[in-house]
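Chemist: final.cif is reproduced below (mmCIF, N, CA and C atoms).
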data_run
loop_
_atom_site.label_atom_id
_atom_site.label_comp_id
_atom_site.auth_asym_id
_atom_site.auth_seq_id
_atom_site.Cartn_x
_atom_site.Cartn_y
_atom_site.Cartn_z
N MET A 9 0.83 -1.19 0.00
CA MET A 9 0.00 0.00 0.00
C MET A 9 0.87 1.25 0.00
N LYS A 10 1.99 1.22 0.69
CA LYS A 10 2.88 2.37 0.73
C LYS A 10 3.39 2.73 -0.67
N THR A 11 3.71 1.74 -1.49
CA THR A 11 4.19 1.96 -2.85
C THR A 11 3.09 2.61 -3.70
N LEU A 12 1.86 2.17 -3.54
CA LEU A 12 0.74 2.73 -4.29
C LEU A 12 0.54 4.21 -3.96
N VAL A 13 0.58 4.54 -2.71
CA VAL A 13 0.42 5.94 -2.30
C VAL A 13 1.57 6.77 -2.83
N SER A 14 2.75 6.23 -2.78
CA SER A 14 3.92 6.94 -3.25
C SER A 14 3.82 7.20 -4.76
N ALA A 15 3.36 6.23 -5.51
CA ALA A 15 3.21 6.40 -6.95
C ALA A 15 2.14 7.45 -7.26
N GLN A 16 1.06 7.42 -6.49
CA GLN A 16 0.00 8.42 -6.68
C GLN A 16 0.50 9.81 -6.32
N ALA A 17 1.28 9.90 -5.26
CA ALA A 17 1.84 11.18 -4.86
C ALA A 17 2.77 11.72 -5.94
N LYS A 18 3.58 10.85 -6.54
CA LYS A 18 4.49 11.27 -7.60
C LYS A 18 3.70 11.78 -8.81
N LYS A 19 2.61 11.09 -9.15
CA LYS A 19 1.78 11.54 -10.27
C LYS A 19 1.17 12.90 -9.99
N LEU A 20 0.71 13.10 -8.75
CA LEU A 20 0.11 14.37 -8.38
C LEU A 20 1.13 15.50 -8.45
N ILE A 21 2.33 15.23 -7.96
CA ILE A 21 3.39 16.24 -7.99
C ILE A 21 3.76 16.57 -9.44
N LEU A 22 3.93 15.56 -10.26
CA LEU A 22 4.29 15.77 -11.66
C LEU A 22 3.19 16.55 -12.39
N THR A 23 1.96 16.20 -12.14
CA THR A 23 0.83 16.90 -12.76
C THR A 23 0.80 18.37 -12.33
N SER A 24 1.05 18.62 -11.05
CA SER A 24 1.07 19.99 -10.54
C SER A 24 2.18 20.81 -11.19
N ILE A 25 3.35 20.21 -11.32
CA ILE A 25 4.49 20.90 -11.93
C ILE A 25 4.17 21.25 -13.37
N LEU A 26 3.62 20.31 -14.10
CA LEU A 26 3.28 20.57 -15.50
C LEU A 26 2.20 21.64 -15.62
N ALA A 27 1.24 21.61 -14.72
CA ALA A 27 0.17 22.61 -14.75
C ALA A 27 0.73 24.01 -14.53
N PHE A 28 1.61 24.16 -13.58
CA PHE A 28 2.21 25.47 -13.31
C PHE A 28 3.13 25.90 -14.44
N ALA A 29 3.80 24.95 -15.08
CA ALA A 29 4.72 25.29 -16.17
C ALA A 29 3.97 25.89 -17.36
N PHE A 30 2.74 25.47 -17.56
CA PHE A 30 1.97 25.94 -18.72
C PHE A 30 0.91 26.97 -18.35
N THR A 31 0.97 27.50 -17.15
CA THR A 31 -0.03 28.48 -16.71
C THR A 31 -0.04 29.71 -17.60
N ASP A 32 1.14 30.25 -17.93
CA ASP A 32 1.19 31.43 -18.79
C ASP A 32 0.55 31.16 -20.14
N ALA A 33 0.83 30.00 -20.71
CA ALA A 33 0.26 29.66 -22.01
C ALA A 33 -1.26 29.52 -21.92
N ALA A 34 -1.74 29.04 -20.79
CA ALA A 34 -3.18 28.86 -20.63
C ALA A 34 -3.91 30.20 -20.58
N PHE A 35 -3.26 31.22 -20.05
CA PHE A 35 -3.88 32.53 -19.94
C PHE A 35 -3.58 33.43 -21.13
N ALA A 36 -2.74 32.99 -22.02
CA ALA A 36 -2.41 33.78 -23.21
C ALA A 36 -3.64 33.82 -24.11
N ALA A 37 -3.81 34.93 -24.76
CA ALA A 37 -4.96 35.06 -25.64
C ALA A 37 -4.57 35.87 -26.87
N VAL A 38 -5.25 35.59 -27.95
CA VAL A 38 -5.08 36.40 -29.15
C VAL A 38 -5.96 37.62 -28.95
N ARG A 39 -5.36 38.79 -29.12
CA ARG A 39 -6.07 40.05 -28.94
C ARG A 39 -6.03 40.85 -30.23
N THR A 40 -7.04 41.64 -30.44
CA THR A 40 -7.06 42.59 -31.55
C THR A 40 -7.29 43.97 -30.96
N VAL A 41 -6.40 44.89 -31.29
CA VAL A 41 -6.50 46.25 -30.79
C VAL A 41 -6.43 47.23 -31.95
N THR A 42 -6.91 48.41 -31.71
CA THR A 42 -6.82 49.48 -32.70
C THR A 42 -5.94 50.58 -32.13
N LEU A 43 -4.91 50.91 -32.90
CA LEU A 43 -4.00 51.98 -32.52
C LEU A 43 -4.30 53.21 -33.37
N SER A 44 -4.38 54.35 -32.73
CA SER A 44 -4.49 55.62 -33.44
C SER A 44 -3.08 56.02 -33.86
N VAL A 45 -2.91 56.32 -35.15
CA VAL A 45 -1.61 56.74 -35.68
C VAL A 45 -1.82 58.06 -36.43
N PRO A 46 -1.92 59.17 -35.69
CA PRO A 46 -2.29 60.44 -36.32
C PRO A 46 -1.22 61.05 -37.21
N GLY A 47 0.01 60.59 -37.13
CA GLY A 47 1.09 61.20 -37.90
C GLY A 47 1.26 60.70 -39.32
N MET A 48 0.33 59.91 -39.82
CA MET A 48 0.43 59.43 -41.21
C MET A 48 -0.12 60.50 -42.15
N TYR A 49 0.77 61.02 -43.03
CA TYR A 49 0.37 62.11 -43.91
C TYR A 49 0.49 61.82 -45.40
N CYS A 50 1.01 60.65 -45.76
CA CYS A 50 1.13 60.33 -47.18
C CYS A 50 0.80 58.86 -47.40
N ALA A 51 0.72 58.46 -48.66
CA ALA A 51 0.33 57.10 -49.00
C ALA A 51 1.37 56.05 -48.60
N VAL A 52 2.62 56.47 -48.38
CA VAL A 52 3.68 55.53 -48.00
C VAL A 52 3.67 55.26 -46.49
N CYS A 53 3.13 56.19 -45.71
CA CYS A 53 3.12 56.04 -44.25
C CYS A 53 2.50 54.73 -43.76
N PRO A 54 1.32 54.34 -44.26
CA PRO A 54 0.74 53.09 -43.78
C PRO A 54 1.60 51.86 -44.08
N ILE A 55 2.32 51.89 -45.18
CA ILE A 55 3.21 50.78 -45.52
C ILE A 55 4.33 50.68 -44.48
N THR A 56 4.88 51.81 -44.11
CA THR A 56 5.95 51.85 -43.11
C THR A 56 5.45 51.36 -41.76
N VAL A 57 4.27 51.82 -41.36
CA VAL A 57 3.69 51.41 -40.07
C VAL A 57 3.40 49.92 -40.08
N LYS A 58 2.83 49.42 -41.17
CA LYS A 58 2.50 47.99 -41.27
C LYS A 58 3.76 47.14 -41.16
N LYS A 59 4.81 47.50 -41.87
CA LYS A 59 6.07 46.74 -41.81
C LYS A 59 6.65 46.74 -40.41
N ALA A 60 6.58 47.88 -39.73
CA ALA A 60 7.11 47.97 -38.36
C ALA A 60 6.33 47.06 -37.41
N LEU A 61 5.01 47.06 -37.54
CA LEU A 61 4.18 46.23 -36.66
C LEU A 61 4.35 44.74 -36.95
N GLU A 62 4.51 44.39 -38.21
CA GLU A 62 4.67 42.98 -38.58
C GLU A 62 5.97 42.39 -38.07
N LYS A 63 6.96 43.22 -37.76
CA LYS A 63 8.24 42.74 -37.22
C LYS A 63 8.16 42.39 -35.74
N VAL A 64 7.10 42.81 -35.06
CA VAL A 64 6.96 42.54 -33.63
C VAL A 64 6.59 41.07 -33.44
N PRO A 65 7.37 40.33 -32.64
CA PRO A 65 7.05 38.91 -32.40
C PRO A 65 5.65 38.77 -31.79
N GLY A 66 4.89 37.83 -32.33
CA GLY A 66 3.54 37.59 -31.81
C GLY A 66 2.44 38.24 -32.62
N VAL A 67 2.79 39.16 -33.51
CA VAL A 67 1.79 39.82 -34.35
C VAL A 67 1.41 38.87 -35.48
N SER A 68 0.11 38.62 -35.63
CA SER A 68 -0.34 37.69 -36.67
C SER A 68 -1.07 38.40 -37.82
N ARG A 69 -1.58 39.61 -37.56
CA ARG A 69 -2.29 40.32 -38.63
C ARG A 69 -2.25 41.82 -38.35
N THR A 70 -2.08 42.58 -39.42
CA THR A 70 -2.05 44.04 -39.31
C THR A 70 -2.76 44.65 -40.50
N THR A 71 -3.66 45.56 -40.22
CA THR A 71 -4.34 46.33 -41.26
C THR A 71 -4.18 47.80 -40.90
N VAL A 72 -3.63 48.58 -41.81
CA VAL A 72 -3.40 49.99 -41.54
C VAL A 72 -4.22 50.82 -42.53
N SER A 73 -4.95 51.78 -41.99
CA SER A 73 -5.80 52.65 -42.81
C SER A 73 -5.26 54.08 -42.78
N PHE A 74 -4.90 54.57 -43.96
CA PHE A 74 -4.45 55.96 -44.08
C PHE A 74 -5.62 56.91 -43.81
N ASP A 75 -6.80 56.59 -44.37
CA ASP A 75 -7.97 57.46 -44.22
C ASP A 75 -8.39 57.62 -42.75
N LYS A 76 -8.38 56.50 -42.02
CA LYS A 76 -8.78 56.54 -40.61
C LYS A 76 -7.62 56.89 -39.68
N LYS A 77 -6.40 56.86 -40.22
CA LYS A 77 -5.19 57.10 -39.43
C LYS A 77 -5.13 56.16 -38.23
N GLU A 78 -5.29 54.86 -38.54
CA GLU A 78 -5.27 53.85 -37.49
C GLU A 78 -4.71 52.54 -38.01
N ALA A 79 -4.30 51.71 -37.05
CA ALA A 79 -3.81 50.36 -37.35
C ALA A 79 -4.57 49.38 -36.48
N VAL A 80 -5.10 48.35 -37.10
CA VAL A 80 -5.78 47.28 -36.37
C VAL A 80 -4.80 46.11 -36.34
N VAL A 81 -4.43 45.67 -35.13
CA VAL A 81 -3.38 44.67 -34.97
C VAL A 81 -3.90 43.49 -34.16
N THR A 82 -3.68 42.28 -34.68
CA THR A 82 -4.00 41.05 -33.96
C THR A 82 -2.70 40.43 -33.52
N PHE A 83 -2.61 40.07 -32.24
CA PHE A 83 -1.36 39.55 -31.70
C PHE A 83 -1.61 38.59 -30.54
N ASP A 84 -0.60 37.81 -30.23
CA ASP A 84 -0.61 36.89 -29.10
C ASP A 84 -0.09 37.65 -27.88
N ASP A 85 -0.94 37.85 -26.88
CA ASP A 85 -0.51 38.68 -25.75
C ASP A 85 0.46 37.97 -24.81
N ALA A 86 0.79 36.71 -25.09
CA ALA A 86 1.85 36.04 -24.34
C ALA A 86 3.21 36.36 -24.94
N LYS A 87 3.21 36.84 -26.18
CA LYS A 87 4.47 37.12 -26.88
C LYS A 87 4.77 38.61 -27.00
N THR A 88 3.75 39.44 -26.93
CA THR A 88 3.98 40.88 -27.06
C THR A 88 2.91 41.64 -26.31
N SER A 89 2.99 42.95 -26.36
CA SER A 89 2.06 43.81 -25.62
C SER A 89 1.71 45.03 -26.46
N VAL A 90 0.70 45.75 -26.01
CA VAL A 90 0.33 46.99 -26.69
C VAL A 90 1.51 47.97 -26.64
N LYS A 91 2.20 48.00 -25.53
CA LYS A 91 3.38 48.88 -25.39
C LYS A 91 4.41 48.57 -26.47
N ALA A 92 4.66 47.29 -26.72
CA ALA A 92 5.62 46.90 -27.76
C ALA A 92 5.15 47.34 -29.14
N LEU A 93 3.85 47.29 -29.38
CA LEU A 93 3.30 47.75 -30.66
C LEU A 93 3.49 49.26 -30.79
N GLU A 94 3.18 49.99 -29.73
CA GLU A 94 3.38 51.44 -29.74
C GLU A 94 4.86 51.79 -29.93
N ASP A 95 5.73 51.04 -29.28
CA ASP A 95 7.17 51.28 -29.43
C ASP A 95 7.62 51.03 -30.86
N ALA A 96 7.07 50.00 -31.51
CA ALA A 96 7.45 49.67 -32.89
C ALA A 96 7.07 50.80 -33.84
N THR A 97 5.87 51.35 -33.67
CA THR A 97 5.48 52.46 -34.55
C THR A 97 6.32 53.70 -34.26
N PHE A 98 6.64 53.92 -32.99
CA PHE A 98 7.48 55.07 -32.62
C PHE A 98 8.87 54.96 -33.26
N GLU A 99 9.44 53.76 -33.21
CA GLU A 99 10.77 53.54 -33.80
C GLU A 99 10.74 53.74 -35.32
N ALA A 100 9.56 53.54 -35.92
CA ALA A 100 9.41 53.75 -37.37
C ALA A 100 9.11 55.22 -37.69
N GLY A 101 8.96 56.05 -36.64
CA GLY A 101 8.74 57.47 -36.85
C GLY A 101 7.30 57.94 -36.67
N TYR A 102 6.45 57.07 -36.11
CA TYR A 102 5.04 57.41 -35.95
C TYR A 102 4.58 57.11 -34.54
N GLU A 103 4.15 58.13 -33.83
CA GLU A 103 3.58 57.90 -32.51
C GLU A 103 2.22 57.25 -32.67
N SER A 104 1.89 56.37 -31.74
CA SER A 104 0.57 55.74 -31.75
C SER A 104 0.11 55.55 -30.32
N ARG A 105 -1.19 55.37 -30.18
CA ARG A 105 -1.74 55.07 -28.86
C ARG A 105 -2.99 54.21 -29.05
N LEU A 106 -3.30 53.47 -28.03
CA LEU A 106 -4.46 52.59 -28.04
C LEU A 106 -5.73 53.42 -28.10
N LYS A 107 -6.60 53.09 -29.04
CA LYS A 107 -7.89 53.78 -29.15
C LYS A 107 -8.87 53.15 -28.19
N GLU A 108 -9.74 53.98 -27.62
CA GLU A 108 -10.78 53.46 -26.75
C GLU A 108 -11.96 53.03 -27.60
N VAL A 109 -12.65 51.98 -27.12
CA VAL A 109 -13.83 51.49 -27.80
C VAL A 109 -15.05 52.21 -27.21
N PRO A 110 -15.82 52.92 -28.05
CA PRO A 110 -16.99 53.65 -27.54
C PRO A 110 -17.97 52.71 -26.82
N GLY A 111 -18.47 53.15 -25.70
CA GLY A 111 -19.46 52.37 -24.96
C GLY A 111 -18.87 51.35 -24.02
N GLU A 112 -17.57 51.10 -24.06
CA GLU A 112 -16.97 50.14 -23.15
C GLU A 112 -16.24 50.81 -22.00
N GLY A 113 -16.07 52.13 -22.09
CA GLY A 113 -15.47 52.87 -21.02
C GLY A 113 -14.02 52.49 -20.74
N GLY A 114 -13.36 51.93 -21.71
CA GLY A 114 -11.97 51.54 -21.52
C GLY A 114 -11.28 51.32 -22.83
N ALA A 115 -10.12 50.74 -22.74
CA ALA A 115 -9.32 50.52 -23.94
C ALA A 115 -9.86 49.35 -24.74
N ALA A 116 -9.45 49.28 -25.97
CA ALA A 116 -9.85 48.20 -26.87
C ALA A 116 -9.38 46.87 -26.33
N LYS A 117 -10.11 45.83 -26.68
CA LYS A 117 -9.75 44.50 -26.22
C LYS A 117 -8.76 43.87 -27.15
#
Please rewrite the model in this file as structure tokens.

Modeler:
Amino acid sequence: MKTLVSAQAKKLILTSILAFAFTDAAFAAVRTVTLSVPGMYCAVCPITVKKALEKVPGVSRTTVSFDKKEAVVTFDDAKTSVKALEDATFEAGYESRLKEVPGEGGAAK
């Protein structure tokens, strides 16, 4: 009986370790946010912004609108953050900030 309990205890410990090891991955989510990029003034600007955002690890999709002066970015929040996206556009020469979603009283999801 002692061996059986010991084997069960080992399984429980191993399972707990594995669960904690993958906790970050379990809480990771794909997010889509809209960044306001007011400094785009020509037709080449959105191309530059798009290329900068696509270089950020974890970004899976980027759509940049010159008319709306915004970028819609889909990314894995376990690999990157909104701050990293804003930093990428800044390094490309364009300040950006997270747009708020009307009616939600907060930032975009």

Chemist: Apply the PyMOL selection byres (((chain A and resi 91-96 and name CA) around 10) and name CA) to the displayed file and report the matching residues as JSON, numbers by chain.

Modeler: {"A": [41, 43, 44, 45, 57, 58, 59, 60, 61, 62, 63, 64, 65, 67, 81, 83, 87, 88, 89, 90, 97, 98, 99, 100, 101, 102, 103, 104, 105, 106]}

Chemist: Counting only C-alpha atoms, which residues of range 45-76 of chain A fall within 12 Å of range 36-40 of chain A, and what is the closest atom pair for each with its distance in Å at one decimal, ordered by chain and rising number, as JSON lines?

Modeler:
{"residue": "A:Gly66", "atom": "CA", "partner": "A:Val38", "partner_atom": "CA", "distance": 9.1}
{"residue": "A:Val67", "atom": "CA", "partner": "A:Val38", "partner_atom": "CA", "distance": 9.3}
{"residue": "A:Ser68", "atom": "CA", "partner": "A:Val38", "partner_atom": "CA", "distance": 9.0}
{"residue": "A:Arg69", "atom": "CA", "partner": "A:Thr40", "partner_atom": "CA", "distance": 8.8}
{"residue": "A:Thr70", "atom": "CA", "partner": "A:Thr40", "partner_atom": "CA", "distance": 9.3}
{"residue": "A:Thr71", "atom": "CA", "partner": "A:Thr40", "partner_atom": "CA", "distance": 10.8}

Chemist: Take atom C of Val80 in chain A and CA of Pro54 in chain A and report the distance between them in Å, one decimal.

Modeler: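 Atom-to-atom, atom C of Val80 in chain A and CA of Pro54 in chain A are spaced 11.6 Å apart.
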
Chemist: Enter the distance from atom N of Glu108 in chain A to CA of Lys76 in chain A, in Å, rounded to one decimal.

Modeler: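 For atom N of Glu108 in chain A relative to CA of Lys76 in chain A, the distance reads 13.3 Å.
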
Chemist: Could you check how far CA of Thr56 in chain A sits from atom N of Thr82 in chain A, in Å to one decimal?

Modeler: 16.0 Å

Chemist: Can you tell me, as lines of an AutoDock Vina configuration file, the centre and edge lengths (Å, one decimal) of the axis-aligned box enclosing all of range 52-63 of chain A's listed atoms after padding each side by 4 Å?

Modeler:
center_x = 4.5
center_y = 49.4
center_z = -42.1
size_x = 15.5
size_y = 22.1
size_z = 20.6

Chemist: Which residue is closest to Lys77 in chain A? Choose from A:Ile55, A:Lys107, A:Ser14, A:Met48 and count only N, CA and C atoms.

Modeler: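 So, comparing all the options, the nearest one is A:Met48.
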
Chemist: Got a sec to tell me which of range 41-82 of chain A DSSP assigns to strand (DSSP E or B), as a PyMOL selection string?

Modeler: chain A and resi 41-44+67-73+78-82
